[in-house]
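Visitor: Got upload.json for you, JSON, C-alpha atoms:
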[["chain", "number", "residue", "atom", "x", "y", "z"],
["V", 419, "MET", "CA", 39.38, -75.47, -12.35],
["V", 420, "ASN", "CA", 40.90, -73.56, -9.46],
["V", 421, "ALA", "CA", 39.65, -73.34, -5.88],
["V", 422, "ARG", "CA", 38.32, -69.83, -6.37],
["V", 423, "SER", "CA", 36.04, -70.81, -9.20],
["V", 424, "SER", "CA", 34.84, -73.86, -7.27],
["V", 425, "LEU", "CA", 33.76, -71.70, -4.34],
["V", 426, "ASP", "CA", 31.91, -69.39, -6.70],
["V", 427, "ARG", "CA", 30.20, -72.30, -8.40],
["V", 428, "VAL", "CA", 28.60, -73.26, -5.10],
["V", 429, "ALA", "CA", 26.70, -69.97, -5.18],
["V", 430, "VAL", "CA", 25.62, -70.60, -8.78],
["V", 431, "ALA", "CA", 24.48, -74.13, -7.92],
["V", 432, "VAL", "CA", 22.63, -73.06, -4.77],
["V", 433, "GLY", "CA", 21.00, -70.18, -6.63],
["V", 434, "ALA", "CA", 19.88, -72.50, -9.41],
["V", 435, "GLY", "CA", 18.58, -74.91, -6.78],
["V", 436, "SER", "CA", 16.62, -72.16, -5.11],
["V", 437, "ILE", "CA", 15.07, -71.06, -8.40],
["V", 438, "ALA", "CA", 14.21, -74.69, -9.17],
["V", 439, "SER", "CA", 12.70, -75.14, -5.70],
["V", 440, "ALA", "CA", 9.94, -72.71, -6.69],
["V", 441, "GLY", "CA", 8.71, -75.62, -8.80],
["V", 442, "PHE", "CA", 7.48, -77.27, -5.61],
["V", 443, "ALA", "CA", 4.60, -74.79, -5.88],
["V", 444, "LEU", "CA", 3.29, -77.00, -8.68],
["V", 445, "LEU", "CA", 3.44, -80.14, -6.55],
["V", 446, "SER", "CA", 1.23, -81.14, -3.67],
["V", 447, "GLY", "CA", 0.39, -84.14, -1.52],
["V", 448, "GLU", "CA", 3.02, -86.86, -1.21],
["V", 449, "PHE", "CA", 5.43, -85.13, -3.59],
["V", 450, "GLY", "CA", 5.16, -81.67, -2.06],
["V", 451, "PHE", "CA", 8.47, -82.10, -0.27],
["V", 452, "VAL", "CA", 8.82, -78.36, 0.33],
["V", 453, "ARG", "CA", 5.90, -75.99, 0.83],
["V", 454, "MET", "CA", 6.15, -73.19, -1.73],
["V", 455, "GLN", "CA", 3.28, -70.79, -1.98],
["V", 456, "GLY", "CA", 2.70, -67.05, -1.89],
["V", 457, "TRP", "CA", 5.71, -64.95, -1.00],
["V", 458, "THR", "CA", 8.00, -67.95, -0.54],
["V", 459, "ILE", "CA", 8.08, -68.32, -4.33],
["V", 460, "ALA", "CA", 9.28, -64.74, -4.69],
["V", 461, "VAL", "CA", 11.95, -65.27, -2.02],
["V", 462, "ALA", "CA", 13.17, -68.50, -3.62],
["V", 463, "ILE", "CA", 13.40, -66.98, -7.09],
["V", 464, "GLY", "CA", 14.68, -63.55, -5.98],
["V", 465, "PHE", "CA", 17.44, -64.83, -3.69],
["V", 466, "GLY", "CA", 18.21, -67.58, -6.19],
["V", 467, "VAL", "CA", 18.80, -65.07, -8.99],
["V", 468, "PHE", "CA", 21.02, -62.95, -6.72],
["V", 469, "ALA", "CA", 23.03, -66.03, -5.71],
["V", 470, "VAL", "CA", 23.55, -67.06, -9.33],
["V", 471, "LEU", "CA", 24.64, -63.55, -10.34],
["V", 472, "ALA", "CA", 26.91, -63.14, -7.32],
["V", 473, "GLY", "CA", 28.55, -66.52, -7.93],
["V", 474, "TRP", "CA", 28.85, -65.87, -11.64],
["V", 475, "ALA", "CA", 30.56, -62.54, -10.99],
["V", 476, "GLY", "CA", 32.77, -64.06, -8.30],
["V", 477, "HIS", "CA", 31.53, -61.45, -5.83],
["V", 478, "ARG", "CA", 32.07, -63.21, -2.49],
["V", 479, "GLY", "CA", 30.70, -60.32, -0.42],
["V", 480, "LEU", "CA", 27.40, -60.44, -2.27],
["V", 481, "VAL", "CA", 27.27, -64.23, -1.91],
["V", 482, "LEU", "CA", 27.67, -63.78, 1.84],
["V", 483, "VAL", "CA", 24.85, -61.21, 1.90],
["V", 484, "VAL", "CA", 22.51, -63.52, -0.02],
["V", 485, "GLY", "CA", 23.43, -66.37, 2.35],
["V", 486, "ALA", "CA", 22.60, -64.19, 5.34],
["V", 487, "GLY", "CA", 19.35, -63.30, 3.58],
["V", 488, "PHE", "CA", 18.43, -66.97, 3.29],
["V", 489, "LEU", "CA", 19.19, -67.55, 6.98],
["V", 490, "ILE", "CA", 17.07, -64.55, 8.01],
["V", 491, "ALA", "CA", 14.27, -65.74, 5.71],
["V", 492, "SER", "CA", 14.46, -69.20, 7.33],
["V", 493, "LEU", "CA", 14.20, -67.75, 10.83],
["V", 494, "THR", "CA", 11.41, -65.41, 9.74],
["V", 495, "GLN", "CA", 9.48, -68.31, 8.23],
["V", 496, "VAL", "CA", 9.62, -70.28, 11.48],
["V", 497, "THR", "CA", 8.58, -67.21, 13.49],
["V", 498, "LEU", "CA", 5.59, -66.48, 11.24],
["V", 499, "TRP", "CA", 4.59, -70.15, 11.14],
["V", 500, "THR", "CA", 4.60, -70.20, 14.94],
["V", 501, "SER", "CA", 2.62, -66.97, 15.26],
["V", 502, "GLY", "CA", -0.28, -68.19, 13.11],
["V", 503, "ASN", "CA", 0.07, -65.11, 10.89],
["V", 504, "ASN", "CA", 2.00, -66.95, 8.19],
["V", 505, "TRP", "CA", 1.79, -64.39, 5.39],
["V", 506, "LEU", "CA", 5.05, -65.70, 3.90],
["V", 507, "GLY", "CA", 3.25, -68.97, 3.13],
["V", 508, "GLY", "CA", 5.89, -71.62, 3.84],
["V", 509, "SER", "CA", 6.40, -74.12, 6.63],
["V", 510, "GLY", "CA", 9.21, -75.91, 8.45],
["V", 511, "SER", "CA", 10.10, -77.54, 5.15],
["V", 512, "THR", "CA", 10.71, -74.13, 3.56],
["V", 513, "ALA", "CA", 12.73, -73.03, 6.57],
["V", 514, "SER", "CA", 14.83, -76.20, 6.35],
["V", 515, "LEU", "CA", 15.56, -75.65, 2.66],
["V", 516, "TRP", "CA", 16.59, -72.03, 3.22],
["V", 517, "LEU", "CA", 18.71, -73.01, 6.22],
["V", 518, "GLY", "CA", 20.70, -75.31, 3.95],
["V", 519, "PHE", "CA", 21.05, -72.75, 1.16],
["V", 520, "GLY", "CA", 21.99, -69.99, 3.61],
["V", 521, "THR", "CA", 24.57, -72.11, 5.41],
["V", 522, "ALA", "CA", 26.27, -73.12, 2.16],
["V", 523, "LEU", "CA", 26.33, -69.52, 0.92],
["V", 524, "VAL", "CA", 27.78, -68.23, 4.19],
["V", 525, "VAL", "CA", 30.38, -70.97, 4.69],
["V", 526, "THR", "CA", 31.89, -70.99, 1.20],
["V", 527, "PRO", "CA", 32.81, -67.28, 0.93],
["V", 528, "LEU", "CA", 34.32, -67.44, 4.43],
["V", 529, "ALA", "CA", 36.39, -70.51, 3.53],
["V", 530, "GLU", "CA", 39.03, -68.45, 1.78],
["V", 531, "LYS", "CA", 39.73, -66.54, 5.00],
["V", 532, "LEU", "CA", 39.12, -69.32, 7.53],
["V", 533, "TRP", "CA", 40.96, -72.07, 5.69],
["V", 534, "PRO", "CA", 43.17, -70.58, 2.94],
["V", 535, "ASP", "CA", 44.04, -72.87, 0.04],
["V", 536, "ARG", "CA", 47.64, -74.16, 0.27],
["C", 632, "MET", "CA", 50.52, -100.02, 1.35],
["C", 633, "VAL", "CA", 50.98, -98.54, -2.12],
["C", 634, "ALA", "CA", 47.79, -97.76, -4.00],
["C", 635, "THR", "CA", 47.82, -99.19, -7.48],
["C", 636, "GLU", "CA", 45.88, -98.32, -10.61],
["C", 637, "ALA", "CA", 43.94, -101.55, -10.12],
["C", 638, "ASP", "CA", 42.92, -100.37, -6.64],
["C", 639, "ALA", "CA", 41.56, -97.12, -8.09],
["C", 640, "SER", "CA", 39.60, -98.84, -10.83],
["C", 641, "ALA", "CA", 38.13, -101.23, -8.26],
["C", 642, "ASP", "CA", 36.65, -98.27, -6.38],
["C", 643, "PRO", "CA", 33.44, -97.34, -8.20],
["C", 644, "LEU", "CA", 33.23, -93.96, -6.46],
["C", 645, "ALA", "CA", 36.73, -93.05, -7.61],
["C", 646, "SER", "CA", 36.36, -94.32, -11.13],
["C", 647, "SER", "CA", 32.72, -93.78, -12.01],
["C", 648, "ARG", "CA", 31.08, -90.38, -12.40],
["C", 649, "LEU", "CA", 27.72, -92.14, -12.53],
["C", 650, "SER", "CA", 28.32, -93.68, -9.10],
["C", 651, "ARG", "CA", 29.20, -90.27, -7.65],
["C", 652, "VAL", "CA", 26.08, -88.72, -9.16],
["C", 653, "LEU", "CA", 23.93, -91.54, -7.73],
["C", 654, "VAL", "CA", 25.42, -91.06, -4.26],
["C", 655, "THR", "CA", 24.62, -87.35, -4.56],
["C", 656, "VAL", "CA", 21.05, -88.10, -5.62],
["C", 657, "THR", "CA", 20.67, -90.45, -2.65],
["C", 658, "ARG", "CA", 21.95, -87.83, -0.20],
["C", 659, "VAL", "CA", 19.68, -85.10, -1.61],
["C", 660, "GLY", "CA", 16.70, -87.47, -1.60],
["C", 661, "LEU", "CA", 17.33, -88.30, 2.04],
["C", 662, "ALA", "CA", 17.60, -84.58, 2.80],
["C", 663, "LEU", "CA", 14.18, -84.01, 1.23],
["C", 664, "LEU", "CA", 12.72, -86.75, 3.43],
["C", 665, "TRP", "CA", 13.71, -84.72, 6.50],
["C", 666, "THR", "CA", 12.78, -81.41, 4.89],
["C", 667, "GLN", "CA", 9.27, -82.66, 4.30],
["C", 668, "GLY", "CA", 9.20, -84.09, 7.82],
["C", 669, "ALA", "CA", 10.00, -80.66, 9.25],
["C", 670, "GLY", "CA", 6.95, -79.36, 7.40],
["C", 671, "TRP", "CA", 4.37, -80.96, 9.68],
["C", 672, "LYS", "CA", 5.99, -80.40, 13.09],
["C", 673, "THR", "CA", 3.88, -77.29, 13.46],
["C", 674, "PRO", "CA", 4.73, -74.99, 16.37],
["C", 675, "PRO", "CA", 3.78, -73.83, 18.90],
["C", 676, "ARG", "CA", 1.69, -76.85, 20.00],
["C", 677, "PHE", "CA", 2.98, -79.65, 17.73],
["C", 678, "GLU", "CA", -0.40, -81.49, 17.83],
["C", 679, "ALA", "CA", 0.35, -84.02, 15.07],
["C", 680, "LEU", "CA", 3.78, -84.83, 16.48],
["C", 681, "HIS", "CA", 2.21, -85.28, 19.93],
["C", 682, "LYS", "CA", -0.24, -87.81, 18.51],
["C", 683, "TRP", "CA", 2.54, -89.83, 16.89],
["C", 684, "THR", "CA", 4.80, -89.62, 19.93],
["C", 685, "SER", "CA", 1.97, -90.93, 22.09],
["C", 686, "TYR", "CA", 2.09, -94.22, 20.21],
["C", 687, "ALA", "CA", 5.32, -94.92, 22.10],
["C", 688, "VAL", "CA", 3.14, -95.29, 25.19],
["C", 689, "SER", "CA", -0.12, -96.67, 23.79],
["C", 690, "ARG", "CA", 1.63, -99.17, 21.47],
["C", 691, "PRO", "CA", 5.03, -99.66, 23.08],
["C", 692, "VAL", "CA", 7.97, -101.02, 21.13],
["C", 693, "LEU", "CA", 10.34, -101.08, 24.09],
["C", 694, "GLU", "CA", 9.05, -100.70, 27.66],
["C", 695, "PRO", "CA", 11.90, -98.52, 29.01],
["C", 696, "TRP", "CA", 11.45, -96.15, 26.06],
["C", 697, "ALA", "CA", 7.69, -96.05, 26.65],
["C", 698, "TRP", "CA", 8.34, -95.15, 30.29],
["C", 699, "PHE", "CA", 10.77, -92.39, 29.28],
["C", 700, "VAL", "CA", 8.33, -90.90, 26.78],
["C", 701, "ASP", "CA", 5.46, -91.10, 29.27],
["C", 702, "ASN", "CA", 7.38, -89.50, 32.13],
["C", 703, "PHE", "CA", 9.73, -87.05, 30.42],
["C", 704, "VAL", "CA", 8.82, -86.39, 26.78],
["C", 705, "LEU", "CA", 5.05, -85.95, 26.90],
["C", 706, "PRO", "CA", 5.01, -83.77, 30.07],
["C", 707, "ASN", "CA", 7.60, -81.46, 28.45],
["C", 708, "PHE", "CA", 6.32, -81.74, 24.96],
["C", 709, "ILE", "CA", 6.83, -78.17, 23.77],
["C", 710, "PHE", "CA", 10.56, -78.50, 24.43],
["C", 711, "PHE", "CA", 10.76, -81.86, 22.65],
["C", 712, "GLY", "CA", 8.62, -80.52, 19.81],
["C", 713, "TRP", "CA", 11.03, -77.66, 19.16],
["C", 714, "THR", "CA", 13.99, -80.05, 19.48],
["C", 715, "THR", "CA", 12.45, -82.37, 16.90],
["C", 716, "LEU", "CA", 11.75, -79.50, 14.50],
["C", 717, "LEU", "CA", 15.31, -78.19, 14.89],
["C", 718, "VAL", "CA", 16.87, -81.62, 14.37],
["C", 719, "GLU", "CA", 14.76, -82.48, 11.31],
["C", 720, "ALA", "CA", 15.15, -79.05, 9.70],
["C", 721, "SER", "CA", 18.92, -79.25, 10.25],
["C", 722, "LEU", "CA", 19.09, -82.80, 8.89],
["C", 723, "GLY", "CA", 17.31, -81.60, 5.75],
["C", 724, "ALA", "CA", 19.52, -78.54, 5.46],
["C", 725, "PHE", "CA", 22.95, -80.09, 6.01],
["C", 726, "LEU", "CA", 22.35, -83.30, 4.07],
["C", 727, "LEU", "CA", 21.00, -81.22, 1.19],
["C", 728, "VAL", "CA", 24.16, -79.16, 0.76],
["C", 729, "GLY", "CA", 26.48, -81.94, 1.94],
["C", 730, "LEU", "CA", 28.11, -80.11, 4.84],
["C", 731, "ALA", "CA", 29.41, -82.17, 7.80],
["C", 732, "THR", "CA", 27.56, -85.02, 6.13],
["C", 733, "ARG", "CA", 28.90, -87.95, 8.15],
["C", 734, "LEU", "CA", 28.06, -86.20, 11.41],
["C", 735, "TRP", "CA", 24.53, -85.51, 10.22],
["C", 736, "ALA", "CA", 24.19, -89.09, 8.95],
["C", 737, "LEU", "CA", 24.92, -90.21, 12.51],
["C", 738, "VAL", "CA", 22.32, -87.76, 13.83],
["C", 739, "GLY", "CA", 19.91, -89.20, 11.27],
["C", 740, "ILE", "CA", 20.62, -92.73, 12.50],
["C", 741, "GLY", "CA", 19.94, -91.68, 16.08],
["C", 742, "HIS", "CA", 16.76, -89.81, 15.17],
["C", 743, "THR", "CA", 15.52, -92.71, 13.05],
["C", 744, "LEU", "CA", 15.97, -95.04, 16.04],
["C", 745, "VAL", "CA", 13.99, -92.64, 18.22],
["C", 746, "ILE", "CA", 11.17, -92.49, 15.67],
["C", 747, "THR", "CA", 11.24, -96.27, 15.26],
["C", 748, "LEU", "CA", 10.96, -96.84, 19.00],
["C", 749, "SER", "CA", 7.99, -94.49, 19.12],
["C", 750, "THR", "CA", 5.91, -95.38, 16.07],
["C", 751, "LEU", "CA", 6.89, -98.82, 14.80],
["C", 752, "TYR", "CA", 3.66, -100.36, 16.10],
["C", 753, "ALA", "CA", 1.41, -97.45, 15.15],
["C", 754, "PRO", "CA", -1.48, -98.42, 12.86],
["C", 755, "HIS", "CA", -0.59, -99.12, 9.22],
["C", 756, "GLU", "CA", 3.16, -98.74, 9.73],
["C", 757, "TRP", "CA", 5.57, -100.86, 7.69],
["C", 758, "VAL", "CA", 8.68, -102.12, 9.47],
["C", 759, "TRP", "CA", 10.79, -101.95, 6.31],
["C", 760, "SER", "CA", 10.22, -98.21, 5.92],
["C", 761, "TYR", "CA", 12.09, -97.73, 9.21],
["C", 762, "LEU", "CA", 14.80, -100.23, 8.36],
["C", 763, "LEU", "CA", 15.29, -98.68, 4.92],
["C", 764, "MET", "CA", 15.53, -95.22, 6.47],
["C", 765, "LEU", "CA", 18.13, -96.52, 8.91],
["C", 766, "MET", "CA", 20.15, -98.28, 6.23],
["C", 767, "LEU", "CA", 20.06, -95.26, 3.94],
["C", 768, "HIS", "CA", 21.72, -93.15, 6.64],
["C", 769, "ILE", "CA", 24.31, -95.88, 7.10],
["C", 770, "VAL", "CA", 25.06, -95.78, 3.37],
["C", 771, "VAL", "CA", 25.37, -91.98, 3.42],
["C", 772, "PHE", "CA", 27.77, -92.28, 6.37],
["C", 773, "ALA", "CA", 29.77, -95.12, 4.84],
["C", 774, "THR", "CA", 30.22, -93.38, 1.49],
["C", 775, "ALA", "CA", 30.87, -89.96, 3.09],
["C", 776, "ALA", "CA", 28.27, -88.76, 0.62],
["C", 777, "GLY", "CA", 28.95, -85.04, 1.11],
["C", 778, "ARG", "CA", 32.28, -85.45, -0.68],
["C", 779, "PHE", "CA", 30.38, -85.92, -3.94],
["C", 780, "GLY", "CA", 28.47, -82.89, -5.16],
["C", 781, "GLY", "CA", 28.53, -81.42, -1.66],
["C", 782, "VAL", "CA", 30.27, -78.67, 0.28],
["C", 783, "ASP", "CA", 32.37, -81.32, 2.07],
["C", 784, "GLY", "CA", 33.99, -82.32, -1.19],
["C", 785, "LEU", "CA", 34.99, -78.74, -1.89],
["C", 786, "LEU", "CA", 36.22, -77.69, 1.53],
["C", 787, "ARG", "CA", 37.62, -80.92, 2.99],
["C", 788, "PRO", "CA", 41.05, -80.49, 1.36],
["C", 789, "ARG", "CA", 41.26, -77.06, 3.00],
["C", 790, "TRP", "CA", 40.19, -78.45, 6.38],
["C", 791, "GLN", "CA", 42.82, -81.19, 6.10],
["C", 792, "HIS", "CA", 45.58, -78.61, 5.63],
["C", 793, "ALA", "CA", 44.31, -76.17, 8.25],
["C", 794, "THR", "CA", 45.48, -76.30, 11.85],
["C", 795, "GLY", "CA", 42.51, -75.06, 13.90],
["C", 796, "ARG", "CA", 40.24, -77.16, 16.07],
["C", 797, "LEU", "CA", 37.18, -76.35, 13.93],
["C", 798, "ALA", "CA", 38.94, -77.59, 10.81],
["C", 799, "ARG", "CA", 39.93, -80.83, 12.55],
["C", 800, "LEU", "CA", 36.36, -81.36, 13.71],
["C", 801, "LEU", "CA", 35.04, -80.72, 10.19],
["C", 802, "VAL", "CA", 37.48, -83.25, 8.73],
["C", 803, "ARG", "CA", 36.02, -85.86, 11.07],
["C", 804, "ALA", "CA", 32.45, -84.70, 10.45],
["C", 805, "SER", "CA", 32.79, -84.86, 6.67]]
In structure tokens, what does this structure look like?

Guide:
Amino acid sequence: MNARSSLDRVAVAVGAGSIASAGFALLSGEFGFVRMQGWTIAVAIGFGVFAVLAGWAGHRGLVLVVGAGFLIASLTQVTLWTSGNNWLGGSGSTASLWLGFGTALVVTPLAEKLWPDR
Amino acid sequence: MVATEADASADPLASSRLSRVLVTVTRVGLALLWTQGAGWKTPPRFEALHKWTSYAVSRPVLEPWAWFVDNFVLPNFIFFGWTTLLVEASLGAFLLVGLATRLWALVGIGHTLVITLSTLYAPHEWVWSYLLMLMLHIVVFATAAGRFGGVDGLLRPRWQHATGRLARLLVRAS
């Protein structure tokens, strides 16, 4: 396994994690660790599928775009939650999850340029 | 000192895939604790957080902390509410993907102490839940848990060979 494929696998793993996170929509109460309802489910699955495909294809630019998308979605979720017009449907937990996914997807494609493998 | 094969086999994290998976599960579980916590710090007024923070004053654990909360935190609560939300959402995010994990484990230790000093004597609280939370962060720090199934594990070798200040900081943080 070379470094290139490892970086790409992060996108596949994060994408799969995002798709799986939609499953939190089925949980509530004590085990509802992340609020998933309404449009947040579509975001989690949609961005997750894009991340998996981008990682699978080894398309670092697309991985970066999906990562930026997660970060924007996280910020948007907090803004809507604050405004009281939370049509996206998530909460701080959703924003936290997407912050993590977005950060991982932004950092790993940039790693090749910032810290080249020696 | 020369590392021997016996040394390697004595290290369960080096020799056991199961141990590495369990460390990963522990880190992700801890991340979800903070992720869920970020879910009820509701801006812009943070009412529920205000109620819990007030226990630091009404049921003090440590008098100087109670004084600090009474005179600085509660009068400026919107600022502290946003700070809490940012810290907890970041703890959830970075521990989840295992990036700068040791740094965030330290942040988690600090934040756990703050929570403990505020709510330990709140009604129906269990002292061991706070101690367990504290010890779990210590374990994540001690095992450098992001190096197993995390971004730290993937990028740390690059950071170690890079020359920039950011790379050096990330080596220490991971």

Visitor: Just checking: using only C-alpha atoms, which residue out of V:Gly466, V:Gly433, V:Gly485, V:Gly450 ends up closest to chain C?

Guide: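 So, comparing all the options, the nearest one is V:Gly450.
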
Visitor: Using only C-alpha atoms, which chain V residues lie at most 6 Å away from chain C, written as a PyMOL selection string?

Guide: chain V and resi 451-452+500+509-511+514-515+517-518+533+535

Visitor: Just to confirm, what's the straight-line distance from CA of Ile746 (chain C) to CA of Asn702 (chain C) in Å (one decimal)?

Guide: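 Here the two named atoms are 17.2 Å from each other.
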
Visitor: Distance CA of Phe779 (chain C)-CA of Val428 (chain V), one decimal place?

Guide: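 Computing it gives 12.8 Å between the two atoms.
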
Visitor: Give the answer as one residue: which of V:Ala434, V:Arg427, V:Val484, V:Arg453 has the shortest atom-to-atom distance to Gly508 (chain V), using all atoms listed in the file?

Guide: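 Once distances to Gly508 (chain V) are computed over all atoms listed in the file, the minimum belongs to V:Arg453.
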
Visitor: Taking into account only C-alpha atoms, which residue in the set V:Thr512, V:Thr494, V:Thr521, V:Ser446 is nearest to Ala429 (chain V)?

Guide: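 Checking each of V:Thr512, V:Thr494, V:Thr521, V:Ser446 against Ala429 (chain V), counting only C-alpha atoms, the winner is V:Thr521.
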
Visitor: Separation of CA of Leu734 (chain C) and CA of Val656 (chain C), in Å?

Guide: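 These two atoms are separated by 18.5 Å.
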
Visitor: Name the residues in contact with Leu765 (chain C) at a cut-off of 10 Å, using only C-alpha atoms, excluding same-chain residues fewer than 5 positions from it; report them as number ranges by chain.

Guide: C: 736-737, 739-744, 747, 759-760, 770
